[in-house]
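Chemist: Below you'll find the structure I mean.
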Amino acid sequence: MKIYLSQPALICGAGANAGEFFESLIRGSQKGLQRLQCGKDADGNPQFFWAGQIADGLLQATGDIYDSRFLQILDNVLNQLISGGTVEKALSRYGAEKVGICLGQCDNGGENSFEGHKALWTEGAFPTDYTLTAQGADYPVTYAARKLGTKGPALSLATACSSSATAIIRARDLILSGICDAVIAGGADVASATTLLGFNSLEAISPEKTNPFSKKRAGITLGEGAAFFVLSRDDLDGAGLVLSGAGESSDASHMTAPLADGSGAARAMQAALDNAGLSADDIDYINLHGTGTRLNDSMEAKAVDRVFGGRAIPASSTKPMTGHTLGAAGALELAACFCAIQEQKLPLHLWDGLFDDEIPRLNFVADAQPQGEIRRCMSNSFAFGGCNASLIIEKTAAEAYNKKV
């Protein structure tokens with residue numbers, strides 16, 4: 001059975017929709033990266049971090065009793081899905097009970113938690129209106145199901161930075177099992193103070209804009225955003241793209257560090273190829289996880305080299321333009337692959353060009369114009385705890401949805 005992907009609905013610092021987003025990627029625009037003040041250092045001086053930020057004017061209050069920036073980001077993309085019409089086609093064709101939602105996330109309650117604990121530490125008590133309800137993992141997906149009118153399974157997935165890739169894989173499973181005929185799948189996340197300070201405590205944040213795979217790489221640049229697809233049994237909007245392969249693996253070697261030799265990541269990539277019935281030679285582009293940390297980039301380069309046998313396949317990390325959007329990253333980067341196939345252009349790899357001779361050299365995209373046809377793309381997501389996921393999308397003969405619903 002083919003699992004079709006609709007046009008992506010998304011928002012992030014790089015763009016307010018798929019068109020703006022992809023334009024930033026092929027131009028190497030870092031317009032969405034901003035310097036944010038967050039907390040103080042050990043000497044009491046203000047701390048500043050680079051982060052991919054959505055312009056405030058693009059977000060609107062949701063009217064929800066527990067409104068938050070996270071919910072506003074999610075709501076923006078849900079509105080895009082509604083206006084695009086594909087969700088309505090799915091509901092009409094299959095019935096609400098056969099349409100589900102899978103949402104990946106890392107931090108949907110950090111804003112409330114930060115303010116609540118700040119009051120506790122400074123005033124001795126939580127605010128009277130403080131509640132854990134909005135911080136529950138189920139709250140955003142319940143909100144989304146209510147807004148979209150779906151009545152199928154509503155699942156919240158949290159596998160750290162691979163959360164939305166995991167959500168897309170679970171959506172595929174729901175369709176293949178017959179539980180659902182269509183699933184809205186993706187992820188959302190926010191660059192909250194909790195997230196920024198938490199990653200800073202791990203010494204994982206770069207003092208400058210992230211510089212993935214460089215000899216001088218110094219860490220990640222965080223970001224916020226959301227991205228969703230409608231996965232379905234039919235090509236509802238005529239895009240003609242399918243999720244042809246998916247692979248997962250679990251290192252479980254360390255709470256935060258990946259297996260240094262890249263074997264865990266390589267297993268997920270090879271599993272995706274095997275699942276799609278493809279060989280390494282069939283892939284035309286890889287969207288790398290590429291966080292810019294010493295360990296991640298090293299192990300991912302080794303994994304790509306292991307799976308692709310030194311083949312010079314075009315590859316890039318799009319995080320220098322979007323920031324690392326954590327729970328949204330897998331879906332957002334799959335959207336980059338989707339656009340690459342549609343537009344027949346490649347996202348640039350933005351870095352200083354200094355190769356690290358201690359790791360295998362990859363063929364980083366320096367020109368958006370490809371040398372040949374882009375038909376199949378792989379997207380990698382590697383997370384804390386060794387939660388690895390790899391997705392493959394493929395252009396197939398368009399089978400436009402033209403039946404009455």
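Ordered as shown in the structure tokens, chains take letters A, B, and onward, while each chain numbers its residues from 1 and ligands are numbered from 1 in the order shown.
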Please provide as JSON, numbers by chain all residues within 10 Å of A:Thr133, with the sequence filter that same-chain residues fewer than 5 positions apart are discarded (counting only C-alpha atoms).
Modeler: {"A": [66, 109, 138, 139]}
Chemist: Where does DSSP see alpha helix (DSSP H) in stretch 111-263 of chain A, if you list the residues as a short mmCIF file (atom, residue, chain, number, x, y, z; two decimals) with all heavy atoms, in the first residue's frame?
Modeler:
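What follows is the written file result08.cif:
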```
data_model
loop_
_atom_site.label_atom_id
_atom_site.label_comp_id
_atom_site.auth_asym_id
_atom_site.auth_seq_id
_atom_site.Cartn_x
_atom_site.Cartn_y
_atom_site.Cartn_z
N GLU A 111 6.92 27.16 29.09
CA GLU A 111 6.60 28.57 29.39
C GLU A 111 5.89 28.68 30.73
O GLU A 111 6.25 29.50 31.58
CB GLU A 111 5.69 29.13 28.30
CG GLU A 111 6.27 29.08 26.91
CD GLU A 111 5.19 29.26 25.86
OE1 GLU A 111 4.76 30.40 25.63
OE2 GLU A 111 4.78 28.25 25.26
N ASN A 112 4.87 27.84 30.95
CA ASN A 112 4.13 27.87 32.20
C ASN A 112 4.98 27.42 33.37
O ASN A 112 4.93 27.99 34.46
CB ASN A 112 2.89 26.97 32.09
CG ASN A 112 1.91 27.45 31.06
OD1 ASN A 112 1.80 28.64 30.82
ND2 ASN A 112 1.21 26.53 30.42
N SER A 113 5.77 26.39 33.12
CA SER A 113 6.63 25.86 34.18
C SER A 113 7.65 26.90 34.64
O SER A 113 7.89 27.08 35.83
CB SER A 113 7.35 24.60 33.68
OG SER A 113 8.23 24.11 34.66
N PHE A 114 8.27 27.59 33.66
CA PHE A 114 9.30 28.58 33.99
C PHE A 114 8.72 29.68 34.87
O PHE A 114 9.28 30.03 35.92
CB PHE A 114 9.87 29.17 32.70
CG PHE A 114 11.06 30.08 32.93
CD1 PHE A 114 12.34 29.56 33.03
CD2 PHE A 114 10.90 31.45 33.05
CE1 PHE A 114 13.43 30.39 33.24
CE2 PHE A 114 11.97 32.29 33.25
CZ PHE A 114 13.25 31.76 33.35
N GLU A 115 7.59 30.22 34.46
CA GLU A 115 6.98 31.31 35.23
C GLU A 115 6.48 30.83 36.58
O GLU A 115 6.60 31.53 37.59
CB GLU A 115 5.83 31.93 34.43
CG GLU A 115 6.27 32.67 33.18
CD GLU A 115 7.27 33.79 33.48
OE1 GLU A 115 7.09 34.49 34.50
OE2 GLU A 115 8.22 33.94 32.70
N GLY A 116 5.93 29.62 36.63
CA GLY A 116 5.44 29.08 37.90
C GLY A 116 6.55 28.87 38.90
O GLY A 116 6.43 29.23 40.07
N HIS A 117 7.66 28.29 38.44
CA HIS A 117 8.78 28.04 39.35
C HIS A 117 9.52 29.33 39.72
O HIS A 117 10.05 29.44 40.82
CB HIS A 117 9.73 27.02 38.73
CG HIS A 117 9.23 25.61 38.81
ND1 HIS A 117 8.38 25.08 37.89
CD2 HIS A 117 9.42 24.65 39.75
CE1 HIS A 117 8.08 23.83 38.22
NE2 HIS A 117 8.70 23.54 39.34
N LYS A 118 9.52 30.27 38.82
CA LYS A 118 10.11 31.57 39.15
C LYS A 118 9.37 32.20 40.32
O LYS A 118 9.98 32.74 41.26
CB LYS A 118 10.05 32.49 37.92
CG LYS A 118 10.70 33.86 38.14
CD LYS A 118 10.63 34.68 36.86
CE LYS A 118 11.25 36.07 37.07
NZ LYS A 118 11.16 36.87 35.82
N ALA A 119 8.04 32.11 40.29
CA ALA A 119 7.24 32.64 41.40
C ALA A 119 7.50 31.85 42.68
O ALA A 119 7.58 32.43 43.78
CB ALA A 119 5.75 32.59 41.04
N LEU A 120 7.63 30.53 42.54
CA LEU A 120 7.90 29.71 43.72
C LEU A 120 9.22 30.09 44.38
O LEU A 120 9.29 30.22 45.61
CB LEU A 120 7.93 28.23 43.30
CG LEU A 120 8.32 27.22 44.39
CD1 LEU A 120 7.27 27.21 45.50
CD2 LEU A 120 8.48 25.83 43.79
N TRP A 121 10.25 30.32 43.56
CA TRP A 121 11.57 30.63 44.10
C TRP A 121 11.67 32.05 44.64
O TRP A 121 12.41 32.31 45.58
CB TRP A 121 12.63 30.41 43.03
CG TRP A 121 12.73 28.97 42.61
CD1 TRP A 121 12.54 27.86 43.39
CD2 TRP A 121 13.03 28.49 41.30
NE1 TRP A 121 12.69 26.72 42.64
CE2 TRP A 121 13.00 27.06 41.37
CE3 TRP A 121 13.31 29.10 40.09
CZ2 TRP A 121 13.25 26.26 40.26
CZ3 TRP A 121 13.57 28.31 38.99
CH2 TRP A 121 13.54 26.90 39.07
N THR A 122 10.94 32.97 44.05
CA THR A 122 11.05 34.37 44.48
C THR A 122 10.00 34.78 45.50
O THR A 122 10.24 35.65 46.33
CB THR A 122 10.95 35.32 43.26
OG1 THR A 122 9.71 35.08 42.58
CG2 THR A 122 12.10 35.08 42.29
N GLU A 123 8.82 34.13 45.43
CA GLU A 123 7.73 34.52 46.32
C GLU A 123 7.31 33.43 47.29
O GLU A 123 6.44 33.64 48.14
CB GLU A 123 6.52 34.96 45.48
CG GLU A 123 6.84 36.13 44.54
CD GLU A 123 5.71 36.39 43.56
OE1 GLU A 123 4.56 36.00 43.87
OE2 GLU A 123 5.97 36.97 42.49
N TYR A 139 -2.34 17.52 25.99
CA TYR A 139 -3.13 18.74 25.79
C TYR A 139 -3.08 19.27 24.35
O TYR A 139 -4.13 19.56 23.76
CB TYR A 139 -2.69 19.84 26.77
CG TYR A 139 -3.71 20.95 26.87
CD1 TYR A 139 -4.83 20.81 27.68
CD2 TYR A 139 -3.58 22.12 26.13
CE1 TYR A 139 -5.80 21.80 27.75
CE2 TYR A 139 -4.55 23.12 26.20
CZ TYR A 139 -5.65 22.95 27.01
OH TYR A 139 -6.61 23.92 27.07
N PRO A 140 -1.90 19.41 23.74
CA PRO A 140 -1.86 19.95 22.37
C PRO A 140 -2.57 19.06 21.35
O PRO A 140 -3.25 19.57 20.46
CB PRO A 140 -0.36 20.06 22.07
CG PRO A 140 0.30 20.13 23.40
CD PRO A 140 -0.53 19.25 24.28
N VAL A 141 -2.41 17.75 21.45
CA VAL A 141 -3.03 16.88 20.46
C VAL A 141 -4.55 16.83 20.65
O VAL A 141 -5.31 16.73 19.67
CB VAL A 141 -2.41 15.46 20.48
CG1 VAL A 141 -2.87 14.65 21.69
CG2 VAL A 141 -2.70 14.73 19.18
N THR A 142 -5.01 16.95 21.89
CA THR A 142 -6.44 17.04 22.14
C THR A 142 -7.01 18.33 21.55
O THR A 142 -8.08 18.35 20.95
CB THR A 142 -6.72 16.97 23.65
OG1 THR A 142 -6.22 15.74 24.17
CG2 THR A 142 -8.22 17.06 23.94
N TYR A 143 -6.25 19.42 21.72
CA TYR A 143 -6.64 20.71 21.14
C TYR A 143 -6.73 20.59 19.62
O TYR A 143 -7.69 21.06 19.00
CB TYR A 143 -5.61 21.77 21.54
CG TYR A 143 -5.83 23.12 20.90
CD1 TYR A 143 -6.64 24.07 21.50
CD2 TYR A 143 -5.21 23.44 19.69
CE1 TYR A 143 -6.85 25.32 20.92
CE2 TYR A 143 -5.42 24.68 19.09
CZ TYR A 143 -6.23 25.62 19.71
OH TYR A 143 -6.44 26.85 19.12
N ALA A 144 -5.73 19.95 19.01
CA ALA A 144 -5.70 19.82 17.55
C ALA A 144 -6.87 18.98 17.05
O ALA A 144 -7.52 19.32 16.04
CB ALA A 144 -4.38 19.20 17.11
N ALA A 145 -7.17 17.87 17.72
CA ALA A 145 -8.27 17.01 17.30
C ALA A 145 -9.60 17.76 17.39
O ALA A 145 -10.46 17.65 16.50
CB ALA A 145 -8.31 15.75 18.16
N ARG A 146 -9.76 18.51 18.46
CA ARG A 146 -11.00 19.28 18.62
C ARG A 146 -11.15 20.33 17.53
O ARG A 146 -12.22 20.51 16.95
CB ARG A 146 -11.00 19.94 20.01
CG ARG A 146 -12.27 20.69 20.35
CD ARG A 146 -12.29 21.11 21.80
NE ARG A 146 -11.25 22.08 22.11
CZ ARG A 146 -10.21 21.84 22.91
NH1 ARG A 146 -10.05 20.64 23.45
NH2 ARG A 146 -9.31 22.77 23.16
N LYS A 147 -10.06 21.00 17.20
CA LYS A 147 -10.11 22.06 16.19
C LYS A 147 -10.36 21.50 14.80
O LYS A 147 -11.12 22.08 14.01
CB LYS A 147 -8.82 22.87 16.21
CG LYS A 147 -8.79 23.95 15.14
CD LYS A 147 -7.79 25.04 15.46
CE LYS A 147 -7.87 26.13 14.39
NZ LYS A 147 -7.73 27.46 14.95
N LEU A 148 -9.72 20.39 14.47
CA LEU A 148 -9.83 19.82 13.12
C LEU A 148 -11.06 18.93 12.96
O LEU A 148 -11.46 18.63 11.84
CB LEU A 148 -8.58 19.03 12.78
CG LEU A 148 -7.27 19.83 12.70
CD1 LEU A 148 -6.10 18.91 12.40
CD2 LEU A 148 -7.35 20.94 11.66
N SER A 163 10.99 13.42 17.64
CA SER A 163 9.58 13.24 17.99
C SER A 163 8.65 13.29 16.78
O SER A 163 7.76 12.44 16.63
CB SER A 163 9.15 14.29 19.01
OG SER A 163 9.80 14.11 20.24
N SER A 164 8.80 14.30 15.92
CA SER A 164 7.85 14.40 14.81
C SER A 164 8.15 13.39 13.71
O SER A 164 7.24 12.98 12.97
CB SER A 164 7.80 15.82 14.25
OG SER A 164 9.08 16.30 13.86
N ALA A 165 9.40 12.95 13.58
CA ALA A 165 9.68 11.84 12.66
C ALA A 165 9.02 10.57 13.19
O ALA A 165 8.42 9.80 12.43
CB ALA A 165 11.19 11.63 12.52
N THR A 166 9.09 10.36 14.50
CA THR A 166 8.41 9.23 15.13
C THR A 166 6.90 9.33 14.92
O THR A 166 6.22 8.32 14.63
CB THR A 166 8.72 9.19 16.63
OG1 THR A 166 10.13 9.06 16.83
CG2 THR A 166 8.03 8.01 17.30
N ALA A 167 6.36 10.54 15.04
CA ALA A 167 4.92 10.75 14.84
C ALA A 167 4.50 10.36 13.42
O ALA A 167 3.44 9.76 13.21
CB ALA A 167 4.56 12.21 15.13
N ILE A 168 5.33 10.70 12.45
CA ILE A 168 5.02 10.36 11.05
C ILE A 168 5.07 8.85 10.83
O ILE A 168 4.23 8.28 10.12
CB ILE A 168 5.98 11.12 10.11
CG1 ILE A 168 5.62 12.62 10.11
CG2 ILE A 168 5.93 10.56 8.70
CD1 ILE A 168 6.65 13.51 9.47
N ILE A 169 6.03 8.20 11.47
CA ILE A 169 6.12 6.74 11.35
C ILE A 169 4.91 6.06 12.01
O ILE A 169 4.33 5.12 11.46
CB ILE A 169 7.43 6.22 11.96
CG1 ILE A 169 8.63 6.76 11.17
CG2 ILE A 169 7.46 4.69 11.97
CD1 ILE A 169 9.98 6.45 11.79
N ARG A 170 4.51 6.56 13.18
CA ARG A 170 3.32 5.98 13.84
C ARG A 170 2.06 6.24 13.03
O ARG A 170 1.15 5.40 12.98
CB ARG A 170 3.16 6.56 15.24
CG ARG A 170 4.27 6.26 16.22
CD ARG A 170 4.31 4.79 16.66
NE ARG A 170 4.98 3.93 15.70
CZ ARG A 170 6.31 3.85 15.56
NH1 ARG A 170 7.11 4.60 16.31
NH2 ARG A 170 6.85 3.02 14.67
N ALA A 171 1.99 7.39 12.37
CA ALA A 171 0.85 7.68 11.49
C ALA A 171 0.79 6.66 10.36
O ALA A 171 -0.28 6.14 10.02
CB ALA A 171 0.96 9.10 10.94
N ARG A 172 1.93 6.39 9.78
CA ARG A 172 2.02 5.37 8.72
C ARG A 172 1.55 4.02 9.22
O ARG A 172 0.81 3.30 8.54
CB ARG A 172 3.47 5.31 8.23
CG ARG A 172 3.77 4.29 7.14
CD ARG A 172 5.24 4.49 6.75
NE ARG A 172 5.67 3.56 5.71
CZ ARG A 172 6.33 2.43 5.94
NH1 ARG A 172 6.62 2.09 7.19
NH2 ARG A 172 6.72 1.65 4.94
N ASP A 173 1.97 3.66 10.44
CA ASP A 173 1.56 2.38 11.03
C ASP A 173 0.04 2.30 11.21
O ASP A 173 -0.56 1.25 10.99
CB ASP A 173 2.24 2.18 12.39
CG ASP A 173 3.74 1.99 12.29
OD1 ASP A 173 4.24 1.69 11.18
OD2 ASP A 173 4.42 2.15 13.32
N LEU A 174 -0.56 3.41 11.63
CA LEU A 174 -2.01 3.44 11.83
C LEU A 174 -2.76 3.18 10.52
O LEU A 174 -3.79 2.52 10.50
CB LEU A 174 -2.44 4.78 12.43
CG LEU A 174 -2.11 5.02 13.89
CD1 LEU A 174 -2.42 6.47 14.28
CD2 LEU A 174 -2.89 4.06 14.80
N ILE A 175 -2.22 3.71 9.43
CA ILE A 175 -2.86 3.51 8.12
C ILE A 175 -2.62 2.09 7.62
O ILE A 175 -3.55 1.41 7.16
CB ILE A 175 -2.35 4.55 7.11
CG1 ILE A 175 -2.74 5.96 7.56
CG2 ILE A 175 -2.94 4.27 5.72
CD1 ILE A 175 -2.12 7.07 6.73
N LEU A 176 -1.39 1.62 7.73
CA LEU A 176 -1.08 0.26 7.25
C LEU A 176 -1.85 -0.81 8.03
O LEU A 176 -2.20 -1.86 7.49
CB LEU A 176 0.42 0.00 7.36
CG LEU A 176 1.32 0.79 6.39
CD1 LEU A 176 2.78 0.53 6.69
CD2 LEU A 176 1.00 0.43 4.94
N ALA A 193 12.40 29.71 27.43
CA ALA A 193 13.53 29.95 28.32
C ALA A 193 13.99 28.64 28.95
O ALA A 193 15.20 28.41 29.14
CB ALA A 193 13.14 30.96 29.40
N THR A 194 13.05 27.78 29.29
CA THR A 194 13.39 26.49 29.87
C THR A 194 14.28 25.68 28.93
O THR A 194 15.28 25.09 29.34
CB THR A 194 12.11 25.69 30.18
OG1 THR A 194 11.32 26.42 31.11
CG2 THR A 194 12.44 24.33 30.78
N THR A 195 13.91 25.67 27.65
CA THR A 195 14.68 24.91 26.66
C THR A 195 16.06 25.52 26.46
O THR A 195 17.08 24.81 26.45
CB THR A 195 13.93 24.88 25.32
OG1 THR A 195 12.61 24.35 25.52
CG2 THR A 195 14.66 24.02 24.31
N LEU A 196 16.11 26.83 26.28
CA LEU A 196 17.39 27.50 26.05
C LEU A 196 18.35 27.29 27.22
O LEU A 196 19.51 26.94 27.04
CB LEU A 196 17.16 28.99 25.81
CG LEU A 196 16.55 29.36 24.46
CD1 LEU A 196 16.01 30.79 24.48
CD2 LEU A 196 17.56 29.20 23.34
N LEU A 197 17.85 27.51 28.43
CA LEU A 197 18.72 27.39 29.60
C LEU A 197 19.06 25.92 29.86
O LEU A 197 20.17 25.62 30.34
CB LEU A 197 18.03 28.00 30.82
CG LEU A 197 17.84 29.52 30.75
CD1 LEU A 197 17.04 30.02 31.95
CD2 LEU A 197 19.19 30.25 30.68
N GLY A 198 18.14 25.03 29.55
CA GLY A 198 18.43 23.61 29.74
C GLY A 198 19.55 23.13 28.83
O GLY A 198 20.48 22.46 29.30
N PHE A 199 19.47 23.46 27.56
CA PHE A 199 20.54 23.06 26.63
C PHE A 199 21.84 23.78 26.95
O PHE A 199 22.92 23.23 26.75
CB PHE A 199 20.11 23.31 25.19
CG PHE A 199 19.34 22.17 24.59
CD1 PHE A 199 17.97 22.10 24.73
CD2 PHE A 199 19.98 21.16 23.90
CE1 PHE A 199 17.24 21.05 24.19
CE2 PHE A 199 19.27 20.10 23.35
CZ PHE A 199 17.90 20.05 23.50
N ASN A 200 21.73 25.00 27.44
CA ASN A 200 22.95 25.72 27.82
C ASN A 200 23.64 25.04 29.00
O ASN A 200 24.87 25.00 29.06
CB ASN A 200 22.60 27.17 28.17
CG ASN A 200 23.84 28.03 28.36
OD1 ASN A 200 24.70 28.10 27.48
ND2 ASN A 200 23.95 28.68 29.50
N SER A 201 22.85 24.49 29.92
CA SER A 201 23.44 23.79 31.06
C SER A 201 24.17 22.53 30.62
O SER A 201 25.08 22.06 31.32
CB SER A 201 22.35 23.44 32.08
OG SER A 201 21.51 22.42 31.60
N SER A 263 26.86 3.63 14.55
CA SER A 263 26.19 2.38 14.19
C SER A 263 24.68 2.43 14.45
O SER A 263 23.90 1.84 13.70
CB SER A 263 26.82 1.20 14.93
OG SER A 263 26.73 1.39 16.34
#
```
Chemist: Taking only residues of stretch 71-164 of chain A that have an atom at most 9 Å from an atom of stretch 312-327 of chain A, what is each one's shortest atom pair and its distance in Å to one decimal, using only C-alpha atoms, in chain and number order, as a Markdown table?
Modeler:
```
| residue | atom | partner | partner_atom | distance |
| --- | --- | --- | --- | --- |
| A:Leu103 | CA | A:Gly327 | CA | 8.9 |
| A:Gly104 | CA | A:Gly327 | CA | 5.6 |
| A:Gln105 | CA | A:Gly327 | CA | 4.1 |
| A:Cys106 | CA | A:Gly327 | CA | 5.0 |
| A:Asp107 | CA | A:Gly327 | CA | 7.7 |
| A:Leu157 | CA | A:Gly327 | CA | 9.0 |
| A:Ala158 | CA | A:Gly327 | CA | 7.5 |
| A:Thr159 | CA | A:Gly327 | CA | 7.9 |
| A:Ala160 | CA | A:Gly327 | CA | 6.1 |
| A:Cys161 | CA | A:Leu326 | CA | 4.4 |
| A:Ser162 | CA | A:Gly327 | CA | 6.5 |
| A:Ser163 | CA | A:Gly327 | CA | 5.0 |
| A:Ser164 | CA | A:Gly327 | CA | 5.7 |
```
Chemist: Output C-alpha atoms of each residue in that selection to a file, as a PDB file, in the first residue's frame.
Modeler:
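Output contents, as saved in again-v8.pdb:
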```pdb
ATOM      1  CA  LEU A 103       1.844  14.996  17.187  1.00  0.00           C
ATOM      2  CA  GLY A 104       5.514  15.044  18.160  1.00  0.00           C
ATOM      3  CA  GLN A 105       6.763  17.503  20.778  1.00  0.00           C
ATOM      4  CA  CYS A 106       9.447  18.101  23.377  1.00  0.00           C
ATOM      5  CA  ASP A 107       8.312  21.133  25.367  1.00  0.00           C
ATOM      6  CA  LEU A 157       4.865  11.269  20.741  1.00  0.00           C
ATOM      7  CA  ALA A 158       7.938  12.372  22.654  1.00  0.00           C
ATOM      8  CA  THR A 159      11.258  10.936  21.515  1.00  0.00           C
ATOM      9  CA  ALA A 160      13.180  14.197  21.961  1.00  0.00           C
ATOM     10  CA  CYS A 161      14.589  15.583  18.698  1.00  0.00           C
ATOM     11  CA  SER A 162      13.113  12.764  16.603  1.00  0.00           C
ATOM     12  CA  SER A 163       9.581  13.242  17.986  1.00  0.00           C
ATOM     13  CA  SER A 164       7.853  14.398  14.809  1.00  0.00           C
TER      14      SER A 164
END
```
Chemist: Hey, which of A:Thr86, A:Ser206, A:Ser381, A:Gln371 ends up closest to A:Tyr4? Count only C-alpha atoms.
Modeler: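 For A:Tyr4, the nearest of the given residues is A:Thr86.
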Chemist: Report, in Å with one decimal, the straight-line distance from atom CA of A:Phe364 to atom CA of A:His349.
Modeler: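 Distance reported for this atom pair: 5.8 Å.
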Chemist: List as a VMD selection string the protein and nucleic acid residues near stretch 302-306 of chain A, meaning an atom at most 8 Å away when only C-alpha atoms are counted, but skip any in the same chain fewer than 6 places from it.
Modeler: chain A and resid 261 to 263 265 to 266 359 to 360 362
Chemist: Take the selection from the previous step and output its residues with all heavy atoms, as a CSV table (one decimal), in the first residue's frame.
Modeler:
```
chain,number,residue,atom,x,y,z
A,261,ASP,N,30.3,5.6,17.2
A,261,ASP,CA,30.7,5.1,15.9
A,261,ASP,C,29.6,5.2,14.8
A,261,ASP,O,29.8,4.8,13.7
A,261,ASP,CB,31.1,3.6,16.0
A,261,ASP,CG,30.0,2.7,16.5
A,261,ASP,OD1,28.9,3.2,16.7
A,261,ASP,OD2,30.2,1.5,16.6
A,262,GLY,N,28.5,5.8,15.2
A,262,GLY,CA,27.4,6.0,14.2
A,262,GLY,C,26.6,4.7,13.9
A,262,GLY,O,25.7,4.8,13.0
A,263,SER,N,26.9,3.6,14.6
A,263,SER,CA,26.2,2.4,14.2
A,263,SER,C,24.7,2.4,14.5
A,263,SER,O,23.9,1.8,13.7
A,263,SER,CB,26.8,1.2,14.9
A,263,SER,OG,26.7,1.4,16.3
A,265,ALA,N,22.7,5.1,14.3
A,265,ALA,CA,22.1,5.9,13.2
A,265,ALA,C,22.1,5.2,11.9
A,265,ALA,O,21.1,5.2,11.2
A,265,ALA,CB,22.9,7.2,13.1
A,266,ALA,N,23.2,4.5,11.7
A,266,ALA,CA,23.3,3.7,10.4
A,266,ALA,C,22.2,2.6,10.3
A,266,ALA,O,21.7,2.3,9.3
A,266,ALA,CB,24.7,3.0,10.3
A,359,ILE,N,36.7,13.1,10.6
A,359,ILE,CA,35.4,12.4,10.3
A,359,ILE,C,35.3,12.3,8.8
A,359,ILE,O,36.0,13.0,8.0
A,359,ILE,CB,34.2,13.1,10.9
A,359,ILE,CG1,34.1,14.5,10.3
A,359,ILE,CG2,34.3,13.1,12.4
A,359,ILE,CD1,32.8,15.2,10.7
A,360,PRO,N,34.5,11.3,8.2
A,360,PRO,CA,34.4,11.2,6.8
A,360,PRO,C,33.9,12.5,6.2
A,360,PRO,O,33.0,13.2,6.7
A,360,PRO,CB,33.4,10.1,6.6
A,360,PRO,CG,33.5,9.3,7.9
A,360,PRO,CD,33.8,10.3,9.0
A,362,LEU,N,31.6,14.5,3.7
A,362,LEU,CA,30.4,14.4,3.0
A,362,LEU,C,30.3,15.4,1.9
A,362,LEU,O,31.0,16.4,1.9
A,362,LEU,CB,29.2,14.6,4.0
A,362,LEU,CG,29.2,13.6,5.2
A,362,LEU,CD1,27.9,13.9,6.0
A,362,LEU,CD2,29.3,12.2,4.8
```
Chemist: Which one of A:Phe48, A:Phe213, A:Phe338, A:Phe229 sits closest to A:Gly290 if you count only C-alpha atoms?
Modeler: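 Residue with the minimum atom-to-atom distance to A:Gly290: A:Phe213.
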Chemist: What is the atom CA of A:Ala257-atom CA of A:Ala301 distance in Å, reported with one decimal?
Modeler: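 Between atom CA of A:Ala257 and atom CA of A:Ala301 the gap is 15.2 Å.
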Chemist: Extract, using only C-alpha atoms, all DNA, RNA and protein residues at most 12 Å from stretch 238-243 of chain A, discarding same-chain residues fewer than 5 positions from it, and format them as a PyMOL selection string.
Modeler: chain A and resi 1-8+86+165+168-169+171-173+175-176+229-233+272-273+275-276+334-335+337-343+375-379+390-403
Chemist: Quick one: residues within 10 Å of A:Gly85, only C-alpha atoms, excluding same-chain residues fewer than 5 positions away - as a PyMOL selection string?
Modeler: chain A and resi 80+90+236-237
Chemist: Work out how far atom CA of A:Ser83 is from atom CA of A:Ile11, in Å to one decimal.
Modeler: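 Interatomic distance here is 14.5 Å.
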Chemist: So which residues touch A:Asn211 within 6 Å, counting only C-alpha atoms, skipping near sequence neighbours fewer than 2 positions away, as a ChimeraX atom specification?
Modeler: /A:214,217,292,351
Chemist: Which of these, A:Glu88, A:Asp281, A:Glu23, A:Glu97, has the shortest distance to A:Gly178 once you count only C-alpha atoms?
Modeler: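 The answer is A:Glu97, which sits nearest to A:Gly178.
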Chemist: Rank A:Cys102, A:Leu350, A:Ala268, A:Ala280 by their smallest atom-to-atom distance to A:Glu300, using only C-alpha atoms, and report the top residue only.
Modeler: A:Ala268
